[in-house]
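What's in my_file.txt: compact mmCIF, C-alpha atoms and all ligand atoms
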```
# COMPACT_ATOMS: atom_id res chain seq x y z
CA MET R 227 -28.40 -109.00 -222.32
CA ASP R 228 -24.65 -108.80 -222.74
CA HIS R 229 -22.91 -108.55 -219.40
CA SER R 230 -19.69 -110.10 -220.62
CA ILE R 231 -17.90 -106.78 -220.27
CA GLU R 232 -18.90 -106.71 -216.62
CA PHE R 233 -18.35 -110.24 -215.32
CA ARG R 234 -16.72 -113.61 -215.88
CA ALA R 235 -18.12 -117.04 -215.04
CA ASP R 236 -15.05 -118.74 -213.55
CA GLU R 237 -14.65 -119.52 -209.85
CA GLU R 238 -11.45 -117.49 -209.49
CA TYR R 239 -13.38 -114.39 -210.52
CA ALA R 240 -15.94 -114.95 -207.73
CA TYR R 241 -13.08 -114.97 -205.22
CA GLU R 242 -11.70 -111.80 -206.77
CA LEU R 243 -15.04 -110.06 -206.31
CA ASP R 244 -15.04 -111.02 -202.63
CA GLU R 245 -11.53 -109.69 -202.19
CA GLU R 246 -12.46 -106.34 -203.69
CA ASP R 247 -15.62 -106.07 -201.60
CA ASN R 248 -15.31 -103.52 -198.80
CA LEU R 249 -18.38 -104.85 -196.95
CA HIS R 250 -17.04 -108.42 -196.90
CA TYR R 251 -15.76 -108.02 -193.32
CA LEU R 252 -19.32 -107.74 -191.95
CA ARG R 253 -20.04 -111.38 -192.69
CA SER R 254 -18.07 -112.52 -189.64
CA ARG R 255 -20.48 -110.59 -187.40
CA PHE R 256 -23.36 -112.87 -188.45
CA TYR R 257 -24.30 -116.37 -187.34
CA ILE R 258 -24.53 -118.30 -190.56
CA PRO R 259 -26.05 -121.77 -190.18
CA LYS R 260 -23.23 -124.29 -190.49
CA ASN R 261 -22.05 -125.17 -194.01
CA THR R 262 -25.03 -123.31 -195.38
CA ILE R 263 -25.46 -120.82 -198.17
CA TYR R 264 -28.26 -118.61 -196.90
CA MET R 265 -30.21 -116.91 -199.69
CA ASP R 266 -33.38 -116.25 -197.75
CA GLY R 267 -32.61 -112.91 -196.12
CA ASN R 268 -35.74 -111.46 -197.74
CA SER R 269 -37.89 -113.83 -195.66
CA LEU R 270 -35.94 -114.01 -192.43
CA GLY R 271 -32.60 -112.23 -192.09
CA LEU R 272 -29.90 -113.86 -189.96
CA LEU R 273 -28.84 -113.06 -186.40
CA SER R 274 -25.78 -110.87 -185.94
CA GLN R 275 -23.57 -110.64 -182.87
CA ASP R 276 -24.65 -107.02 -182.61
CA ALA R 277 -28.34 -107.98 -182.48
CA GLU R 278 -27.61 -110.76 -180.02
CA GLN R 279 -25.84 -108.29 -177.75
CA SER R 280 -28.59 -105.71 -177.76
CA LEU R 281 -31.13 -108.44 -177.01
CA LEU R 282 -29.00 -109.86 -174.20
CA ARG R 283 -28.64 -106.38 -172.76
CA ALA R 284 -32.42 -105.97 -172.65
CA LEU R 285 -32.73 -109.33 -170.90
CA GLU R 286 -30.04 -108.34 -168.42
CA GLU R 287 -31.85 -105.09 -167.70
CA TRP R 288 -35.07 -106.96 -167.06
CA LYS R 289 -33.10 -109.37 -164.84
CA THR R 290 -31.40 -106.66 -162.80
CA LEU R 291 -33.76 -103.71 -162.95
CA GLY R 292 -37.21 -105.24 -163.15
CA ILE R 293 -39.72 -102.52 -163.81
CA GLY R 294 -36.90 -99.99 -163.35
CA GLY R 295 -35.84 -100.73 -166.93
CA TRP R 296 -38.58 -98.45 -168.24
CA LEU R 297 -36.63 -95.43 -167.05
CA GLU R 298 -33.22 -96.78 -166.05
CA GLY R 299 -32.30 -99.02 -168.97
CA GLU R 300 -29.26 -97.95 -171.04
CA THR R 301 -31.86 -96.66 -173.44
CA PRO R 302 -34.87 -96.44 -171.14
CA TRP R 303 -37.56 -98.77 -172.49
CA PHE R 304 -40.06 -95.96 -172.27
CA TYR R 305 -38.25 -94.17 -175.13
CA TYR R 306 -36.97 -97.22 -176.98
CA ALA R 307 -39.53 -97.27 -179.82
CA GLU R 308 -38.85 -93.63 -180.66
CA LYS R 309 -35.10 -94.09 -180.36
CA LEU R 310 -35.00 -97.02 -182.77
CA GLY R 311 -37.28 -95.12 -185.13
CA ALA R 312 -34.89 -92.17 -185.09
CA MET R 313 -31.93 -94.46 -185.80
CA ALA R 314 -33.75 -96.05 -188.74
CA SER R 315 -34.92 -92.72 -190.17
CA VAL R 316 -31.59 -92.35 -192.00
CA LEU R 317 -32.32 -95.51 -193.97
CA VAL R 318 -35.58 -94.13 -195.34
CA GLY R 319 -34.85 -90.43 -195.79
CA ALA R 320 -37.06 -89.26 -192.95
CA ALA R 321 -36.77 -86.94 -189.97
CA PRO R 322 -36.10 -88.80 -186.68
CA GLU R 323 -39.59 -88.21 -185.28
CA GLU R 324 -41.31 -89.47 -188.43
CA VAL R 325 -40.38 -93.11 -187.79
CA VAL R 326 -41.22 -95.41 -184.89
CA VAL R 327 -40.80 -99.09 -184.09
CA THR R 328 -44.21 -100.47 -183.20
CA GLY R 329 -46.72 -103.23 -183.79
CA THR R 330 -46.46 -105.60 -186.70
CA THR R 331 -46.56 -105.01 -190.42
CA THR R 332 -50.18 -105.94 -190.97
CA VAL R 333 -51.37 -104.15 -187.81
CA ASN R 334 -49.53 -100.99 -188.89
CA LEU R 335 -51.13 -101.27 -192.29
CA HIS R 336 -54.54 -101.42 -190.62
CA SER R 337 -53.79 -98.46 -188.38
CA LEU R 338 -52.41 -96.26 -191.18
CA VAL R 339 -55.07 -97.11 -193.71
CA ALA R 340 -57.75 -96.50 -191.10
CA THR R 341 -56.15 -93.09 -190.55
CA PHE R 342 -55.78 -92.11 -194.19
CA TYR R 343 -58.78 -93.74 -195.85
CA GLU R 344 -61.66 -91.29 -195.76
CA PRO R 345 -64.20 -92.27 -198.40
CA GLN R 346 -66.41 -89.32 -199.29
CA GLY R 347 -69.05 -88.78 -201.98
CA ALA R 348 -67.89 -90.44 -205.18
CA CYS R 349 -64.30 -90.69 -203.95
CA THR R 350 -64.40 -94.03 -202.14
CA LYS R 351 -61.90 -96.45 -203.59
CA ILE R 352 -58.53 -97.83 -202.58
CA LEU R 353 -56.08 -98.46 -205.41
CA ALA R 354 -53.69 -101.38 -204.90
CA ASP R 355 -52.27 -104.09 -207.18
CA GLU R 356 -52.93 -107.72 -207.85
CA LEU R 357 -49.34 -108.79 -207.16
CA ASN R 358 -49.10 -107.50 -203.60
CA PHE R 359 -48.41 -109.78 -200.65
CA PRO R 360 -51.76 -111.36 -199.71
CA THR R 361 -51.88 -109.99 -196.15
CA ASP R 362 -51.95 -106.45 -197.53
CA LEU R 363 -54.92 -107.27 -199.71
CA TYR R 364 -56.77 -109.00 -196.87
CA ALA R 365 -56.23 -105.96 -194.64
CA LEU R 366 -57.36 -103.52 -197.34
CA GLN R 367 -60.50 -105.57 -197.92
CA SER R 368 -61.36 -105.48 -194.24
CA GLN R 369 -60.70 -101.73 -193.99
CA ILE R 370 -63.18 -101.19 -196.81
CA GLU R 371 -65.72 -103.44 -195.09
CA LEU R 372 -65.26 -101.50 -191.85
CA LYS R 373 -66.44 -98.42 -193.73
CA GLY R 374 -69.59 -100.32 -194.72
CA LEU R 375 -68.46 -100.66 -198.34
CA SER R 376 -67.90 -103.67 -200.55
CA PRO R 377 -64.31 -104.63 -201.40
CA GLN R 378 -65.56 -106.05 -204.70
CA GLU R 379 -66.43 -102.58 -205.80
CA HIS R 380 -64.02 -100.39 -203.83
CA LEU R 381 -60.71 -102.20 -204.01
CA ILE R 382 -59.11 -101.65 -207.42
CA LEU R 383 -56.27 -104.01 -208.18
CA THR R 384 -53.85 -102.84 -210.84
CA PRO R 385 -53.45 -105.79 -213.21
CA SER R 386 -50.11 -107.17 -214.31
CA LYS R 387 -49.68 -108.30 -217.91
CA ASP R 388 -47.28 -111.12 -217.15
CA GLY R 389 -47.86 -111.90 -213.49
CA ARG R 390 -44.42 -110.48 -212.61
CA ILE R 391 -44.20 -106.80 -213.34
CA LEU R 392 -46.42 -103.79 -212.77
CA GLU R 393 -46.15 -100.84 -215.14
CA GLU R 394 -46.19 -97.58 -213.19
CA ASP R 395 -48.22 -95.94 -215.94
CA THR R 396 -50.90 -98.61 -215.65
CA ILE R 397 -51.17 -97.76 -211.95
CA VAL R 398 -51.30 -94.04 -212.65
CA ALA R 399 -53.98 -94.51 -215.30
CA LEU R 400 -56.21 -95.99 -212.59
CA MET R 401 -55.81 -92.97 -210.31
CA ASP R 402 -59.10 -91.34 -211.18
CA GLU R 403 -61.48 -89.18 -209.14
CA THR R 404 -63.04 -92.24 -207.47
CA VAL R 405 -59.74 -93.14 -205.75
CA ALA R 406 -59.37 -91.95 -202.15
CA LEU R 407 -56.13 -93.76 -201.28
CA THR R 408 -53.33 -95.71 -202.97
CA VAL R 409 -51.38 -98.44 -201.17
CA LEU R 410 -48.57 -100.23 -202.98
CA PRO R 411 -45.50 -102.33 -202.22
CA SER R 412 -42.04 -100.86 -202.78
CA VAL R 413 -40.64 -104.14 -204.07
CA LEU R 414 -42.88 -106.94 -205.33
CA TYR R 415 -42.23 -110.01 -203.23
CA ARG R 416 -42.22 -112.47 -206.09
CA SER R 417 -40.45 -110.85 -209.04
CA GLY R 418 -38.34 -108.44 -207.00
CA GLN R 419 -39.45 -105.44 -209.09
CA LEU R 420 -38.81 -102.09 -207.40
CA LEU R 421 -41.57 -99.59 -208.12
CA ASP R 422 -40.77 -95.95 -208.81
CA MET R 423 -42.13 -94.58 -205.54
CA GLU R 424 -41.20 -90.99 -206.33
CA TYR R 425 -43.06 -91.01 -209.63
CA LEU R 426 -46.11 -92.74 -208.14
CA THR R 427 -46.24 -90.32 -205.21
CA GLN R 428 -46.07 -87.34 -207.52
CA ALA R 429 -48.79 -88.74 -209.77
CA ALA R 430 -51.05 -89.52 -206.79
CA HIS R 431 -50.60 -86.06 -205.30
CA GLU R 432 -51.28 -84.32 -208.60
CA ARG R 433 -54.67 -86.03 -208.43
CA GLY R 434 -55.23 -85.25 -204.77
CA ILE R 435 -54.80 -88.88 -203.68
CA ALA R 436 -52.93 -89.93 -200.53
CA ILE R 437 -50.35 -92.68 -201.01
CA GLY R 438 -48.59 -95.15 -198.73
CA PHE R 439 -46.06 -97.92 -199.31
CA ASP R 440 -45.37 -101.31 -197.80
CA CYS R 441 -41.58 -101.36 -197.76
CA SER R 442 -41.09 -104.77 -196.12
CA HIS R 443 -39.11 -105.99 -199.10
CA SER R 444 -36.86 -102.97 -199.49
CA VAL R 445 -35.85 -101.28 -196.23
CA GLY R 446 -32.36 -102.39 -195.29
CA VAL R 447 -31.26 -103.09 -198.86
CA VAL R 448 -32.61 -100.16 -200.92
CA PRO R 449 -32.33 -96.47 -199.91
CA HIS R 450 -35.61 -94.55 -199.61
CA HIS R 451 -36.26 -90.80 -199.61
CA PHE R 452 -39.72 -90.57 -198.14
CA ASP R 453 -39.53 -86.89 -197.21
CA ALA R 454 -38.06 -85.78 -200.52
CA TRP R 455 -40.65 -87.83 -202.39
CA GLY R 456 -43.47 -86.57 -200.20
CA VAL R 457 -44.79 -90.05 -199.35
CA ASP R 458 -47.74 -89.78 -196.94
CA PHE R 459 -47.05 -92.91 -194.93
CA ALA R 460 -45.14 -96.19 -195.03
CA PHE R 461 -44.72 -99.33 -192.98
CA TRP R 462 -42.39 -102.32 -193.09
CA CYS R 463 -41.29 -105.35 -191.17
CA SER R 464 -37.92 -105.60 -189.44
CA TYR R 465 -37.22 -109.30 -189.89
CA LYS R 466 -36.24 -109.41 -193.57
CA TYR R 467 -33.32 -107.26 -194.75
CA MET R 468 -33.25 -105.55 -191.35
CA ASN R 469 -32.35 -108.79 -189.54
CA GLY R 470 -34.43 -108.03 -186.44
CA GLY R 471 -35.44 -111.66 -185.78
CA PRO R 472 -38.56 -113.76 -186.23
CA GLY R 473 -41.68 -111.68 -185.63
CA SER R 474 -39.62 -108.67 -184.53
CA THR R 475 -41.45 -105.38 -184.06
CA ALA R 476 -42.32 -103.51 -187.26
CA PHE R 477 -41.83 -99.89 -188.35
CA LEU R 478 -44.09 -97.11 -189.45
CA TYR R 479 -43.44 -93.73 -191.06
CA ILE R 480 -45.78 -90.76 -191.06
CA ASN R 481 -44.92 -87.64 -193.01
CA GLU R 482 -44.78 -84.75 -190.53
CA ALA R 483 -47.38 -82.92 -192.62
CA HIS R 484 -49.84 -85.42 -191.13
CA PHE R 485 -48.79 -85.36 -187.47
CA ASN R 486 -51.96 -83.49 -186.59
CA ARG R 487 -54.24 -86.09 -188.14
CA HIS R 488 -56.11 -88.14 -185.60
CA PRO R 489 -54.74 -91.70 -185.40
CA ALA R 490 -57.66 -94.00 -186.16
CA ILE R 491 -56.58 -96.83 -183.86
CA THR R 492 -55.57 -95.31 -180.58
CA GLY R 493 -53.93 -96.58 -177.42
CA TRP R 494 -52.10 -95.18 -174.43
CA PHE R 495 -48.59 -95.40 -175.89
CA GLY R 496 -49.62 -92.93 -178.59
CA TYR R 497 -50.32 -90.35 -175.93
CA VAL R 498 -48.24 -87.16 -175.62
CA LYS R 499 -45.15 -88.67 -174.03
CA GLU R 500 -44.72 -86.24 -171.14
CA LYS R 501 -48.34 -86.62 -170.08
CA GLN R 502 -49.00 -90.32 -170.68
CA PHE R 503 -48.78 -91.13 -167.01
CA ASP R 504 -51.22 -88.42 -166.04
CA MET R 505 -53.68 -91.15 -167.03
CA LEU R 506 -56.30 -88.74 -168.30
CA SER R 507 -59.40 -90.15 -169.91
CA GLN R 508 -59.30 -87.85 -172.95
CA PHE R 509 -56.84 -89.01 -175.66
CA THR R 510 -54.27 -86.56 -177.05
CA HIS R 511 -51.73 -88.08 -179.43
CA ALA R 512 -48.03 -87.30 -179.66
CA GLN R 513 -47.26 -85.07 -182.66
CA SER R 514 -44.86 -87.60 -184.16
CA ALA R 515 -44.94 -91.11 -185.59
CA GLY R 516 -44.98 -92.18 -181.93
CA GLY R 517 -48.58 -90.95 -181.80
CA TRP R 518 -49.54 -94.02 -183.84
CA GLN R 519 -48.30 -96.47 -181.21
CA ILE R 520 -51.03 -98.43 -179.53
CA SER R 521 -49.62 -100.62 -176.76
CA SER R 522 -46.56 -100.96 -174.56
CA PRO R 523 -43.53 -101.43 -176.81
CA ALA R 524 -42.42 -105.06 -177.24
CA ILE R 525 -38.95 -104.51 -175.80
CA LEU R 526 -37.67 -108.05 -176.32
CA SER R 527 -38.86 -108.10 -179.93
CA SER R 528 -37.38 -104.66 -180.56
CA ALA R 529 -34.02 -105.03 -178.85
CA PRO R 530 -32.34 -107.09 -181.61
CA ILE R 531 -33.23 -104.34 -184.09
CA GLU R 532 -30.89 -101.98 -182.26
CA GLY R 533 -27.82 -104.14 -182.94
CA SER R 534 -28.98 -104.71 -186.49
CA LEU R 535 -29.34 -101.00 -187.08
CA HIS R 536 -25.76 -100.47 -185.90
CA ILE R 537 -24.55 -102.73 -188.70
CA LEU R 538 -26.80 -101.16 -191.34
CA LEU R 539 -25.70 -97.66 -190.37
CA GLU R 540 -22.05 -98.65 -190.14
CA ALA R 541 -22.15 -100.11 -193.65
CA GLY R 542 -24.21 -97.22 -195.03
CA ILE R 543 -27.35 -97.83 -197.05
CA GLU R 544 -25.82 -96.46 -200.27
CA SER R 545 -22.90 -98.91 -200.08
CA ILE R 546 -25.31 -101.72 -199.24
CA ARG R 547 -27.38 -100.89 -202.31
CA GLU R 548 -24.32 -100.73 -204.53
CA LYS R 549 -23.14 -104.14 -203.41
CA SER R 550 -26.63 -105.60 -203.60
CA LEU R 551 -27.05 -104.48 -207.21
CA ASN R 552 -23.65 -105.82 -208.12
CA MET R 553 -24.50 -109.18 -206.52
CA THR R 554 -27.86 -109.51 -208.22
CA SER R 555 -26.33 -108.41 -211.56
CA TYR R 556 -23.64 -111.07 -211.16
CA PHE R 557 -26.27 -113.69 -210.27
CA MET R 558 -28.32 -112.76 -213.33
CA TYR R 559 -25.23 -112.89 -215.51
CA LEU R 560 -24.44 -116.42 -214.33
CA VAL R 561 -28.01 -117.60 -214.88
CA ASP R 562 -28.03 -116.11 -218.37
CA THR R 563 -24.63 -117.50 -219.24
CA LEU R 564 -24.73 -120.95 -217.67
CA LEU R 565 -28.32 -121.89 -217.03
CA SER R 566 -30.54 -120.61 -219.80
CA ASP R 567 -30.00 -123.21 -222.53
CA ASP R 568 -31.43 -126.72 -222.83
CA PRO R 569 -31.50 -128.79 -220.59
CA TYR R 570 -31.23 -126.12 -217.86
CA LEU R 571 -34.02 -123.83 -219.07
CA PHE R 572 -33.91 -121.37 -216.18
CA SER R 573 -35.03 -117.83 -216.84
CA LEU R 574 -35.21 -114.58 -214.91
CA GLY R 575 -38.44 -113.06 -213.61
CA THR R 576 -36.72 -109.98 -212.20
CA PRO R 577 -36.46 -106.80 -214.27
CA ARG R 578 -33.08 -106.24 -215.93
CA GLU R 579 -32.80 -102.53 -215.22
CA LYS R 580 -31.01 -101.78 -211.98
CA ALA R 581 -33.41 -99.00 -211.07
CA ARG R 582 -36.27 -101.51 -211.19
CA ARG R 583 -34.72 -104.16 -208.96
CA GLY R 584 -34.92 -104.72 -205.21
CA GLY R 585 -32.59 -107.09 -203.36
CA HIS R 586 -33.56 -110.49 -204.68
CA VAL R 587 -33.52 -112.40 -207.92
CA ALA R 588 -36.46 -114.51 -209.06
CA VAL R 589 -35.34 -117.50 -211.06
CA GLU R 590 -38.08 -119.30 -212.92
CA ARG R 591 -38.36 -122.71 -214.47
CA GLU R 592 -41.39 -124.00 -216.27
CA GLU R 593 -40.95 -127.53 -214.92
CA GLU R 594 -39.81 -128.95 -211.59
CA ALA R 595 -39.00 -125.67 -209.84
CA TYR R 596 -40.28 -127.02 -206.52
CA ARG R 597 -38.24 -130.20 -206.54
CA ILE R 598 -35.14 -128.32 -207.74
CA CYS R 599 -35.59 -126.13 -204.70
CA GLU R 600 -35.68 -129.25 -202.51
CA ALA R 601 -32.49 -130.51 -204.13
CA LEU R 602 -30.84 -127.19 -203.35
CA ARG R 603 -31.87 -127.58 -199.73
CA MET R 604 -30.26 -131.01 -199.60
CA ARG R 605 -27.07 -129.29 -200.71
CA ARG R 606 -27.54 -126.84 -197.86
CA VAL R 607 -28.61 -123.86 -199.89
CA ILE R 608 -31.59 -121.96 -198.48
CA PRO R 609 -33.61 -120.21 -201.19
CA ASP R 610 -37.36 -120.01 -201.09
CA PHE R 611 -40.02 -121.23 -203.39
CA ARG R 612 -43.07 -119.28 -204.49
CA PRO R 613 -45.60 -121.30 -206.46
CA PRO R 614 -46.00 -122.20 -209.16
CA ASN R 615 -42.47 -121.88 -210.57
CA VAL R 616 -40.39 -119.20 -208.87
CA ILE R 617 -37.23 -119.81 -206.83
CA ARG R 618 -36.19 -116.64 -205.01
CA PHE R 619 -32.58 -115.91 -204.08
CA ALA R 620 -31.76 -112.98 -201.82
CA PRO R 621 -28.01 -112.51 -201.57
CA SER R 622 -27.81 -110.26 -198.52
CA PRO R 623 -24.95 -107.80 -199.02
CA LEU R 624 -24.17 -108.11 -195.30
CA TYR R 625 -23.45 -111.82 -195.11
CA VAL R 626 -23.55 -113.53 -198.52
CA THR R 627 -20.42 -113.78 -200.64
CA TYR R 628 -19.94 -113.62 -204.38
CA HIS R 629 -18.54 -117.10 -204.16
CA ASP R 630 -21.80 -118.25 -202.56
CA ILE R 631 -23.59 -117.01 -205.64
CA TRP R 632 -21.18 -118.76 -207.96
CA GLN R 633 -21.59 -121.94 -205.92
CA VAL R 634 -25.40 -121.83 -206.04
CA VAL R 635 -25.37 -121.52 -209.82
CA GLN R 636 -22.92 -124.41 -210.00
CA TYR R 637 -25.24 -126.52 -207.84
CA LEU R 638 -28.23 -125.70 -210.02
CA LYS R 639 -26.29 -126.87 -213.02
CA GLU R 640 -25.33 -130.14 -211.33
CA ILE R 641 -28.86 -130.71 -210.04
CA ILE R 642 -30.11 -130.63 -213.62
CA ASP R 643 -27.16 -132.57 -215.07
CA LYS R 644 -27.74 -135.41 -212.61
CA LYS R 645 -31.54 -135.03 -212.43
CA GLU R 646 -31.03 -134.88 -208.68
CA TYR R 647 -34.51 -133.44 -208.13
CA GLU R 648 -36.16 -136.71 -209.15
CA GLN R 649 -35.64 -138.23 -205.71
CA PHE R 650 -37.94 -135.67 -204.05
CA SER R 651 -41.68 -135.74 -203.58
CA THR R 652 -43.78 -133.16 -205.38
CA ALA R 653 -45.92 -132.62 -202.25
CA ARG R 654 -45.20 -129.22 -200.72
CA LYS R 655 -44.48 -128.56 -197.05
CA ALA R 656 -46.44 -126.07 -194.90
CA ILE R 657 -43.73 -123.40 -195.16
CA SER R 658 -41.60 -123.01 -198.23
C1 LIG G 1 -43.18 -109.86 -195.22
C2 LIG G 1 -44.30 -109.00 -195.66
C3 LIG G 1 -45.41 -108.78 -194.82
C4 LIG G 1 -45.50 -109.50 -193.50
O1 LIG G 1 -46.57 -109.13 -192.72
P1 LIG G 1 -46.56 -109.49 -191.17
O2 LIG G 1 -47.71 -108.76 -190.65
O3 LIG G 1 -45.22 -109.05 -190.62
O4 LIG G 1 -46.67 -110.97 -191.06
C5 LIG G 1 -46.39 -107.92 -195.27
N1 LIG G 1 -46.32 -107.32 -196.49
C6 LIG G 1 -45.27 -107.53 -197.32
C7 LIG G 1 -45.21 -106.83 -198.64
C8 LIG G 1 -44.23 -108.36 -196.93
O5 LIG G 1 -43.20 -108.57 -197.75
```
Just give me the structure as structure tokens.
Ligand SMILES: *Cc1c(COP(=O)(O)O)cnc(C)c1O
Amino acid sequence: MDHSIEFRADEEYAYELDEEDNLHYLRSRFYIPKNTIYMDGNSLGLLSQDAEQSLLRALEEWKTLGIGGWLEGETPWFYYAEKLGAMASVLVGAAPEEVVVTGTTTVNLHSLVATFYEPQGACTKILADELNFPTDLYALQSQIELKGLSPQEHLILTPSKDGRILEEDTIVALMDETVALTVLPSVLYRSGQLLDMEYLTQAAHERGIAIGFDCSHSVGVVPHHFDAWGVDFAFWCSYKYMNGGPGSTAFLYINEAHFNRHPAITGWFGYVKEKQFDMLSQFTHAQSAGGWQISSPAILSSAPIEGSLHILLEAGIESIREKSLNMTSYFMYLVDTLLSDDPYLFSLGTPREKARRGGHVAVEREEEAYRICEALRMRRVIPDFRPPNVIRFAPSPLYVTYHDIWQVVQYLKEIIDKKEYEQFSTARKAIS
């Protein structure tokens, strides 16, 4: 690919890009580990001052109000999950009541699939893909088992030709009359491919199939238009590009066309809000995404999301996407230009087309990818490694600079020039 018209490889140019960047000022609102280039925002986003403040406020309310916080907090805790959902709805093209902060990613997947998966007659299968994050596949298998069916037979995994990319048309070709539900990721966690959710939703609906997306790897860095696309449901975590903190509460989206469906996994916080404390024994769910809540909202694991959302909304998701694409394009240009020839031999696993890219770049190397990753860590760069040979870099548009990207590529070059990776063990740690 020729990007020479777009970019240059010199250091001065990286500084120029930072100067021209109108989101650059947000970086100072984040706590960036000292002397570190943090490229792992797609695994755990960093803490911002805004998120710290909203968390400290929740703690202060607990300190000073005790149980009173449920109704007397600045945003009463009783309404907090719905309020944060409404704030986030702008990021995903939804109405405020279609989104709620609740549960965890995998639990929300269980709850939504249990709600939407209704095997009947010959229409019994769930269509997914072989590249999805393992937890999604484990959950889908157990949902099939809960219906008394065998995952071997009823979970169809769209194959990938090269282990990186899924072709939308291959997925669509598998949407036959035996498929009851389709569940797919928005962005593939390894290659960073962004699937065409609009096209897939349309194809599923033309065949009478419900469709839901796991958007853990895209919300906060890619705009979504769930309502316009007609997506049936979606769920995503808040600790990656949304910077909500480790294990922070997740999100779910239900298209309002489905508000009257019965939530499959019920609990008292899904009850009609005004009547929840009537404590009746018969369950009636709220006609909103809130109806899919199960338990008391995890206020302390939700509070940081409020501050984070302020930053995301202030920046604007369209501007974030524009910067993100420019950063990943620049990264890819530098890898192509400086790191593809012998002895460097790095290549890109991420699609070239902008419309098919999420927020990260997958850099591959046949040999030594793991130890190169370790050498990067010694130089205080935080990427992550996905076996067998992928190093992922997520330049968050909120706190990573263009110069960081230039620097990382420079380091990779030096690590190979000096064979710096040779000093590391090939044994992998528990978390990479
Ligand atoms: C990060 C991620 C998850 C995480 O699941 P948890 O239940 O939050 O641990 C699930 N699915 C995908 C696609 C992810 O990227």
Using all atoms listed in the file, determine which residues fall within 10 Å of ligand LIG 1 (chain G), then list them as a PyMOL selection string.
chain R and resi 268-270+329-335+357-363+365+410-416+439-444+461-466+472-476
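Closest to R:Glu500 among R:Tyr251, R:Leu565, R:Leu571, R:Phe304 is R:Phe304, based on all atoms listed in the file.
Among the candidate residues R:Ala454, R:Ile608, R:Ile641, R:Val448, the one lying nearest to R:Tyr264 is R:Ile608, with distances computed using all atoms listed in the file.
Considering the residues R:Leu366, R:Met265, R:Val445, R:Val616 and counting only C-alpha atoms, R:Thr554 has its shortest atom-to-atom contact with R:Met265.
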Report as a PDB file with C-alpha atoms, in the frame of the given file all protein, DNA and RNA residues lying within 9 Å of R:Thr492, evaluated on only C-alpha atoms, omitting residues in the same chain fewer than 2 positions from it.
```
ATOM      1  CA  SER R 337     -53.790 -98.460-188.380  1.00  0.00           C
ATOM      2  CA  HIS R 488     -56.110 -88.140-185.600  1.00  0.00           C
ATOM      3  CA  PRO R 489     -54.740 -91.700-185.400  1.00  0.00           C
ATOM      4  CA  ALA R 490     -57.660 -94.000-186.160  1.00  0.00           C
ATOM      5  CA  TRP R 494     -52.100 -95.180-174.430  1.00  0.00           C
ATOM      6  CA  PHE R 495     -48.590 -95.400-175.890  1.00  0.00           C
ATOM      7  CA  GLY R 496     -49.620 -92.930-178.590  1.00  0.00           C
ATOM      8  CA  TYR R 497     -50.320 -90.350-175.930  1.00  0.00           C
ATOM      9  CA  PHE R 509     -56.840 -89.010-175.660  1.00  0.00           C
ATOM     10  CA  HIS R 511     -51.730 -88.080-179.430  1.00  0.00           C
ATOM     11  CA  GLY R 517     -48.580 -90.950-181.800  1.00  0.00           C
ATOM     12  CA  TRP R 518     -49.540 -94.020-183.840  1.00  0.00           C
ATOM     13  CA  GLN R 519     -48.300 -96.470-181.210  1.00  0.00           C
ATOM     14  CA  ILE R 520     -51.030 -98.430-179.530  1.00  0.00           C
ATOM     15  CA  SER R 521     -49.620-100.620-176.760  1.00  0.00           C
TER      16      SER R 521
END
```
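Counting from atom CA of R:Arg582, the distance to atom CA of R:Val318 is 17.5 Å.
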Measuring between only C-alpha atoms, which one of R:Ser527, R:Ser573, R:Pro614, R:Ser522 shows the shortest distance to R:Trp296?
R:Ser522
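The smallest atom-to-atom distance between R:Pro609 and any of R:Thr262, R:Ser386, R:Thr563, R:Thr510, using all atoms listed in the file, is found for R:Thr262.
Distance annotation: of R:Leu560, R:Ala354, R:Val409, R:Ile370, the residue with the minimal separation from R:Ile382 is R:Ala354; atom set is all atoms listed in the file.
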Show me a table, sorted first by chain and then by increasing residue number, of the residues of stretch 611-647 of chain R having an atom at most 8 Å from stretch 231-246 of chain R, each with its shortest atom pair and the distance in Å to one decimal, counting all atoms listed in the file and written as CSV.
```
residue,atom,partner,partner_atom,distance
R:Thr627,CA,R:Asp244,CA,6.4
R:Tyr628,CA,R:Ala240,CA,5.4
R:His629,CA,R:Ala240,CA,4.9
R:Trp632,CA,R:Ala240,CA,6.5
```
